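Content type TSV, N, CA and C atoms, from the file data.tsv:
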```
chain	number	residue	atom	x	y	z
A	14	MET	N	126.38	121.90	173.10
A	14	MET	CA	125.33	122.40	172.25
A	14	MET	C	124.32	121.30	171.91
A	15	LEU	N	124.79	120.09	171.70
A	15	LEU	CA	123.89	118.99	171.35
A	15	LEU	C	123.49	118.17	172.57
A	16	VAL	N	123.70	118.71	173.74
A	16	VAL	CA	123.35	118.02	174.96
A	16	VAL	C	121.88	118.28	175.28
A	17	ARG	N	121.21	117.28	175.78
A	17	ARG	CA	119.82	117.40	176.21
A	17	ARG	C	118.89	117.76	175.06
A	18	LEU	N	118.94	117.00	173.98
A	18	LEU	CA	118.07	117.24	172.84
A	18	LEU	C	116.66	116.73	173.06
A	19	GLU	N	116.46	115.98	174.10
A	19	GLU	CA	115.13	115.44	174.36
A	19	GLU	C	114.22	116.54	174.90
A	20	MET	N	113.04	116.57	174.37
A	20	MET	CA	112.07	117.59	174.80
A	20	MET	C	111.22	117.03	175.94
A	21	ASP	N	111.09	117.78	176.98
A	21	ASP	CA	110.26	117.40	178.12
A	21	ASP	C	110.68	116.06	178.71
A	22	GLU	N	111.92	115.75	178.63
A	22	GLU	CA	112.51	114.53	179.19
A	22	GLU	C	111.85	113.26	178.67
A	23	GLU	N	111.36	113.28	177.43
A	23	GLU	CA	110.81	112.09	176.79
A	23	GLU	C	111.88	111.49	175.89
A	24	ARG	N	111.88	110.20	175.79
A	24	ARG	CA	112.83	109.53	174.92
A	24	ARG	C	112.44	109.75	173.47
A	25	MET	N	113.45	109.93	172.63
A	25	MET	CA	113.21	110.12	171.20
A	25	MET	C	113.42	108.80	170.48
A	26	SER	N	112.46	107.92	170.56
A	26	SER	CA	112.56	106.62	169.90
A	26	SER	C	111.17	106.16	169.49
A	27	PHE	N	111.17	105.13	168.67
A	27	PHE	CA	109.92	104.53	168.25
A	27	PHE	C	109.30	103.83	169.46
A	28	HIS	N	108.05	104.02	169.69
A	28	HIS	CA	107.42	103.57	170.93
A	28	HIS	C	106.88	102.14	170.89
A	29	SER	N	107.29	101.34	169.94
A	29	SER	CA	106.70	100.02	169.84
A	29	SER	C	107.12	99.11	171.00
A	30	PHE	N	108.36	99.24	171.47
A	30	PHE	CA	108.82	98.34	172.52
A	30	PHE	C	108.56	98.89	173.91
A	31	GLU	N	108.24	100.15	174.03
A	31	GLU	CA	108.00	100.73	175.35
A	31	GLU	C	106.66	100.32	175.93
A	32	CYS	N	105.69	100.05	175.10
A	32	CYS	CA	104.36	99.75	175.61
A	32	CYS	C	104.04	98.25	175.54
A	33	LEU	N	104.98	97.44	175.10
A	33	LEU	CA	104.73	96.01	174.99
A	33	LEU	C	105.09	95.29	176.28
A	34	PRO	N	104.37	94.22	176.60
A	34	PRO	CA	104.79	93.39	177.73
A	34	PRO	C	106.08	92.64	177.39
A	35	SER	N	106.71	92.11	178.41
A	35	SER	CA	108.02	91.48	178.21
A	35	SER	C	107.95	90.26	177.29
A	36	TRP	N	106.87	89.50	177.34
A	36	TRP	CA	106.77	88.33	176.46
A	36	TRP	C	106.67	88.75	175.01
A	37	ALA	N	106.04	89.89	174.74
A	37	ALA	CA	105.92	90.36	173.36
A	37	ALA	C	107.26	90.88	172.83
A	38	VAL	N	108.04	91.50	173.71
A	38	VAL	CA	109.38	91.94	173.31
A	38	VAL	C	110.24	90.73	172.98
A	39	PHE	N	110.14	89.68	173.78
A	39	PHE	CA	110.89	88.45	173.51
A	39	PHE	C	110.45	87.83	172.19
A	40	LEU	N	109.15	87.79	171.94
A	40	LEU	CA	108.62	87.23	170.70
A	40	LEU	C	109.06	88.06	169.49
A	41	SER	N	109.05	89.37	169.63
A	41	SER	CA	109.50	90.24	168.56
A	41	SER	C	110.99	90.08	168.30
A	42	SER	N	111.77	89.93	169.37
A	42	SER	CA	113.21	89.72	169.21
A	42	SER	C	113.49	88.38	168.53
A	43	ALA	N	112.72	87.37	168.88
A	43	ALA	CA	112.88	86.07	168.23
A	43	ALA	C	112.54	86.16	166.74
A	44	ALA	N	111.50	86.93	166.42
A	44	ALA	CA	111.14	87.11	165.01
A	44	ALA	C	112.23	87.87	164.25
A	45	HIS	N	112.82	88.87	164.88
A	45	HIS	CA	113.91	89.60	164.24
A	45	HIS	C	115.15	88.72	164.08
A	46	LEU	N	115.42	87.87	165.04
A	46	LEU	CA	116.55	86.95	164.92
A	46	LEU	C	116.33	85.97	163.78
A	47	THR	N	115.12	85.44	163.69
A	47	THR	CA	114.79	84.52	162.60
A	47	THR	C	114.89	85.22	161.24
A	48	ALA	N	114.39	86.44	161.17
A	48	ALA	CA	114.48	87.20	159.92
A	48	ALA	C	115.94	87.50	159.57
A	49	GLY	N	116.76	87.78	160.57
A	49	GLY	CA	118.18	88.02	160.33
A	49	GLY	C	118.90	86.79	159.83
A	50	ILE	N	118.57	85.64	160.39
A	50	ILE	CA	119.19	84.40	159.92
A	50	ILE	C	118.76	84.11	158.49
A	51	ALA	N	117.48	84.28	158.20
A	51	ALA	CA	117.00	84.05	156.83
A	51	ALA	C	117.64	85.03	155.85
A	52	LEU	N	117.76	86.28	156.25
A	52	LEU	CA	118.41	87.28	155.40
A	52	LEU	C	119.87	86.94	155.18
A	53	GLY	N	120.55	86.49	156.23
A	53	GLY	CA	121.95	86.11	156.10
A	53	GLY	C	122.15	84.90	155.21
A	54	VAL	N	121.27	83.91	155.35
A	54	VAL	CA	121.37	82.72	154.49
A	54	VAL	C	121.17	83.11	153.03
A	55	LEU	N	120.17	83.94	152.77
A	55	LEU	CA	119.93	84.40	151.40
A	55	LEU	C	121.12	85.19	150.87
A	56	TYR	N	121.66	86.07	151.68
A	56	TYR	CA	122.79	86.90	151.27
A	56	TYR	C	124.02	86.05	150.96
A	57	PHE	N	124.38	85.15	151.85
A	57	PHE	CA	125.61	84.39	151.67
A	57	PHE	C	125.47	83.28	150.63
A	58	ARG	N	124.27	82.74	150.45
A	58	ARG	CA	124.08	81.79	149.34
A	58	ARG	C	124.21	82.51	148.00
A	59	SER	N	123.67	83.71	147.92
A	59	SER	CA	123.81	84.51	146.71
A	59	SER	C	125.27	84.89	146.46
A	60	LEU	N	125.98	85.18	147.52
A	60	LEU	CA	127.41	85.48	147.39
A	60	LEU	C	128.19	84.26	146.90
A	61	TRP	N	127.85	83.09	147.42
A	61	TRP	CA	128.51	81.86	146.98
A	61	TRP	C	128.21	81.57	145.51
A	62	TRP	N	126.96	81.78	145.11
A	62	TRP	CA	126.57	81.58	143.73
A	62	TRP	C	127.35	82.53	142.81
A	63	SER	N	127.49	83.78	143.23
A	63	SER	CA	128.23	84.75	142.43
A	63	SER	C	129.71	84.36	142.33
A	64	THR	N	130.27	83.88	143.41
A	64	THR	CA	131.67	83.46	143.41
A	64	THR	C	131.89	82.29	142.47
A	65	CYS	N	130.99	81.35	142.47
A	65	CYS	CA	131.10	80.22	141.54
A	65	CYS	C	130.98	80.67	140.09
A	66	ARG	N	130.16	81.67	139.83
A	66	ARG	CA	129.99	82.18	138.46
A	66	ARG	C	131.19	82.97	137.98
A	67	PHE	N	131.94	83.59	138.89
A	67	PHE	CA	133.13	84.34	138.49
A	67	PHE	C	134.20	83.42	137.93
A	68	THR	N	134.26	82.20	138.43
A	68	THR	CA	135.27	81.27	137.93
A	68	THR	C	134.90	80.74	136.56
A	69	GLY	N	133.63	80.72	136.21
A	69	GLY	CA	133.18	80.23	134.91
A	69	GLY	C	133.02	81.39	133.93
A	70	ASP	N	132.38	81.11	132.84
A	70	ASP	CA	132.13	82.13	131.82
A	70	ASP	C	130.72	82.66	132.02
A	71	SER	N	130.60	83.84	132.62
A	71	SER	CA	129.28	84.42	132.83
A	71	SER	C	129.31	85.91	132.52
A	72	ARG	N	128.15	86.51	132.51
A	72	ARG	CA	128.03	87.90	132.14
A	72	ARG	C	128.34	88.80	133.33
A	73	VAL	N	129.10	89.83	133.06
A	73	VAL	CA	129.51	90.75	134.12
A	73	VAL	C	128.33	91.56	134.62
A	74	MET	N	127.45	91.97	133.74
A	74	MET	CA	126.31	92.79	134.14
A	74	MET	C	125.37	92.03	135.08
A	75	THR	N	125.25	90.74	134.88
A	75	THR	CA	124.42	89.93	135.79
A	75	THR	C	125.03	89.90	137.18
A	76	MET	N	126.34	89.76	137.23
A	76	MET	CA	127.01	89.73	138.53
A	76	MET	C	126.92	91.08	139.25
A	77	VAL	N	127.06	92.16	138.50
A	77	VAL	CA	126.97	93.49	139.11
A	77	VAL	C	125.55	93.75	139.60
A	78	ALA	N	124.55	93.38	138.82
A	78	ALA	CA	123.16	93.55	139.23
A	78	ALA	C	122.84	92.72	140.47
A	79	LEU	N	123.36	91.51	140.52
A	79	LEU	CA	123.14	90.66	141.69
A	79	LEU	C	123.81	91.25	142.93
A	80	MET	N	125.01	91.80	142.75
A	80	MET	CA	125.71	92.41	143.88
A	80	MET	C	124.95	93.62	144.40
A	81	ILE	N	124.46	94.47	143.50
A	81	ILE	CA	123.70	95.65	143.91
A	81	ILE	C	122.40	95.24	144.60
A	82	GLY	N	121.73	94.25	144.05
A	82	GLY	CA	120.49	93.77	144.67
A	82	GLY	C	120.72	93.17	146.04
A	83	ARG	N	121.79	92.40	146.17
A	83	ARG	CA	122.12	91.76	147.45
A	83	ARG	C	122.40	92.81	148.52
A	84	LEU	N	123.21	93.82	148.20
A	84	LEU	CA	123.54	94.86	149.16
A	84	LEU	C	122.34	95.75	149.47
A	85	THR	N	121.51	96.01	148.47
A	85	THR	CA	120.32	96.83	148.69
A	85	THR	C	119.34	96.11	149.62
A	86	LEU	N	119.14	94.83	149.41
A	86	LEU	CA	118.24	94.06	150.27
A	86	LEU	C	118.74	94.02	151.70
A	87	LEU	N	120.02	93.75	151.88
A	87	LEU	CA	120.59	93.69	153.23
A	87	LEU	C	120.50	95.05	153.91
A	88	GLY	N	120.92	96.09	153.22
A	88	GLY	CA	120.88	97.43	153.81
A	88	GLY	C	119.46	97.91	154.07
A	89	GLY	N	118.55	97.62	153.16
A	89	GLY	CA	117.17	98.04	153.34
A	89	GLY	C	116.48	97.38	154.52
A	90	LEU	N	116.67	96.08	154.67
A	90	LEU	CA	116.02	95.38	155.78
A	90	LEU	C	116.65	95.74	157.12
A	91	LEU	N	117.96	95.96	157.14
A	91	LEU	CA	118.57	96.41	158.39
A	91	LEU	C	118.15	97.84	158.73
A	92	THR	N	117.94	98.65	157.72
A	92	THR	CA	117.44	100.01	157.96
A	92	THR	C	116.02	99.98	158.52
A	93	LEU	N	115.18	99.11	157.97
A	93	LEU	CA	113.82	98.98	158.50
A	93	LEU	C	113.83	98.50	159.95
A	94	ALA	N	114.76	97.59	160.26
A	94	ALA	CA	114.86	97.13	161.64
A	94	ALA	C	115.35	98.25	162.55
A	95	SER	N	116.22	99.12	162.04
A	95	SER	CA	116.73	100.22	162.87
A	95	SER	C	115.66	101.24	163.18
A	96	LEU	N	114.64	101.33	162.34
A	96	LEU	CA	113.55	102.27	162.62
A	96	LEU	C	112.72	101.84	163.82
A	97	GLU	N	112.80	100.57	164.17
A	97	GLU	CA	112.08	100.07	165.35
A	97	GLU	C	112.89	100.24	166.62
A	98	GLY	N	114.17	100.53	166.50
A	98	GLY	CA	115.00	100.75	167.67
A	98	GLY	C	116.30	99.97	167.59
A	99	ALA	N	117.10	100.12	168.64
A	99	ALA	CA	118.41	99.48	168.66
A	99	ALA	C	118.32	97.97	168.86
A	100	LEU	N	117.40	97.52	169.70
A	100	LEU	CA	117.29	96.08	169.97
A	100	LEU	C	116.95	95.27	168.73
A	101	PRO	N	115.94	95.65	167.94
A	101	PRO	CA	115.66	94.87	166.72
A	101	PRO	C	116.81	94.90	165.73
A	102	LEU	N	117.49	96.04	165.61
A	102	LEU	CA	118.63	96.13	164.70
A	102	LEU	C	119.75	95.21	165.14
A	103	LEU	N	120.08	95.23	166.41
A	103	LEU	CA	121.17	94.39	166.90
A	103	LEU	C	120.84	92.91	166.82
A	104	VAL	N	119.59	92.56	167.09
A	104	VAL	CA	119.19	91.15	167.03
A	104	VAL	C	119.20	90.66	165.58
A	105	MET	N	118.75	91.51	164.65
A	105	MET	CA	118.76	91.11	163.24
A	105	MET	C	120.20	91.01	162.73
A	106	ALA	N	121.06	91.93	163.14
A	106	ALA	CA	122.47	91.85	162.75
A	106	ALA	C	123.13	90.60	163.34
A	107	LEU	N	122.74	90.22	164.55
A	107	LEU	CA	123.24	88.98	165.14
A	107	LEU	C	122.81	87.78	164.32
A	108	GLY	N	121.59	87.79	163.82
A	108	GLY	CA	121.12	86.71	162.96
A	108	GLY	C	121.93	86.61	161.67
A	109	VAL	N	122.28	87.75	161.09
A	109	VAL	CA	123.11	87.75	159.88
A	109	VAL	C	124.50	87.19	160.21
A	110	LEU	N	125.04	87.55	161.35
A	110	LEU	CA	126.36	87.02	161.74
A	110	LEU	C	126.32	85.51	162.02
A	111	ILE	N	125.23	85.03	162.57
A	111	ILE	CA	125.07	83.58	162.78
A	111	ILE	C	125.05	82.87	161.45
A	112	ALA	N	124.29	83.41	160.49
A	112	ALA	CA	124.24	82.80	159.16
A	112	ALA	C	125.61	82.86	158.48
A	113	ARG	N	126.36	83.92	158.71
A	113	ARG	CA	127.70	84.04	158.15
A	113	ARG	C	128.62	82.96	158.68
A	114	SER	N	128.57	82.71	159.99
A	114	SER	CA	129.45	81.69	160.55
A	114	SER	C	129.10	80.30	160.03
A	115	VAL	N	127.81	80.04	159.84
A	115	VAL	CA	127.40	78.76	159.27
A	115	VAL	C	127.86	78.64	157.83
A	116	ALA	N	127.73	79.73	157.06
A	116	ALA	CA	128.15	79.71	155.65
A	116	ALA	C	129.65	79.51	155.53
A	117	VAL	N	130.42	80.17	156.37
A	117	VAL	CA	131.88	80.02	156.31
A	117	VAL	C	132.28	78.59	156.68
A	118	ARG	N	131.62	78.02	157.65
A	118	ARG	CA	131.92	76.64	158.05
A	118	ARG	C	131.61	75.67	156.92
A	119	ARG	N	130.50	75.89	156.22
A	119	ARG	CA	130.14	75.00	155.10
A	119	ARG	C	131.08	75.16	153.94
A	120	VAL	N	131.55	76.37	153.66
A	120	VAL	CA	132.49	76.60	152.57
A	120	VAL	C	133.82	75.91	152.89
A	121	ARG	N	134.25	75.95	154.12
A	121	ARG	CA	135.50	75.26	154.50
A	121	ARG	C	135.39	73.76	154.31
A	122	GLU	N	134.19	73.22	154.53
A	122	GLU	CA	134.00	71.78	154.35
A	122	GLU	C	133.99	71.41	152.87
A	123	VAL	N	133.46	72.29	152.02
A	123	VAL	CA	133.30	71.98	150.60
A	123	VAL	C	134.61	72.16	149.84
A	124	THR	N	135.32	73.26	150.11
A	124	THR	CA	136.55	73.55	149.37
A	124	THR	C	137.71	72.77	149.96
A	125	PRO	N	138.59	72.30	149.08
A	125	PRO	CA	139.75	71.53	149.59
A	125	PRO	C	140.82	72.40	150.18
```

Rewrite the structure from the file as structure tokens, please.
Amino acid sequence: MLVRLEMDEERMSFHSFECLPSWAVFLSSAAHLTAGIALGVLYFRSLWWSTCRFTGDSRVMTMVALMIGRLTLLGGLLTLASLEGALPLLVMALGVLIARSVAVRRVREVTP
């Protein structure tokens, strides 16, 4: 029943990458990777800051607001990338994973 949903054999996707030359697709992918790394660094630094505040005496509402803001920002930017297609979403998610691996490595060095 859900087979062949495409009308007139046209792809149902955002057309930004279909009409671009290959160098522009590479440049756009590099920009999405950079944005993903920056988003991941921001996300995991905020997570580290929240973790340090949980051990001390801090306000619970501030931590909850920060958690909601952090997840909303990550989800919103990944959703915007998904509107451009699968390639920008995957490249941006790869950037977040790269930032995660760097953050985990730094935390292992800092904590005894």

Selection: 5 Å around range 46-48 of chain A, all atoms listed in the file, excl. self and same-chain fewer than 3 positions, as a list in words: Ser42, Ala43, Ala51, Leu52, Val104, Met105 and Gly108 of chain A

8 Å contact set for Ala116 in chain A, only N, CA and C atoms, chain neighbours under 4 positions out, as number ranges by chain: A: 53-54, 57-58, 110-112, 120-122

Distance in Å - atom N of Trp62 in chain A versus atom C of His45 in chain A: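 So the two atoms, atom N of Trp62 in chain A and atom C of His45 in chain A, lie 23.4 Å apart.
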
Long-range neighbours of Thr92 in chain A as a list in words, 12 Å cut-off, only C-alpha atoms, 6 positions minimum in chain: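 The neighbour list is Leu84, Thr85, Leu86, Gly98, Ala99, Pro101, Leu102, Leu103, Met105 and Ala106 of chain A.
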
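Relative to atom C of Ala94 in chain A, atom N of Leu40 in chain A is found at 15.4 Å.
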
Computed interatomic separation between CA of Gly49 in chain A and CA of Arg113 in chain A (Å):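 Separation between CA of Gly49 in chain A and CA of Arg113 in chain A: 10.5 Å.
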
Residue nearest Leu107 in chain A - candidates A:Leu60, A:Ser95, A:Ile50, A:Thr68, atoms counted: all atoms listed in the file: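 The answer is A:Ile50, which sits nearest to Leu107 in chain A.
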
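Minimum atom-to-atom distance to Leu100 in chain A, evaluated using only C-alpha atoms, belongs to A:Val38 out of A:Val115, A:Met76, A:Val38, A:Cys32.
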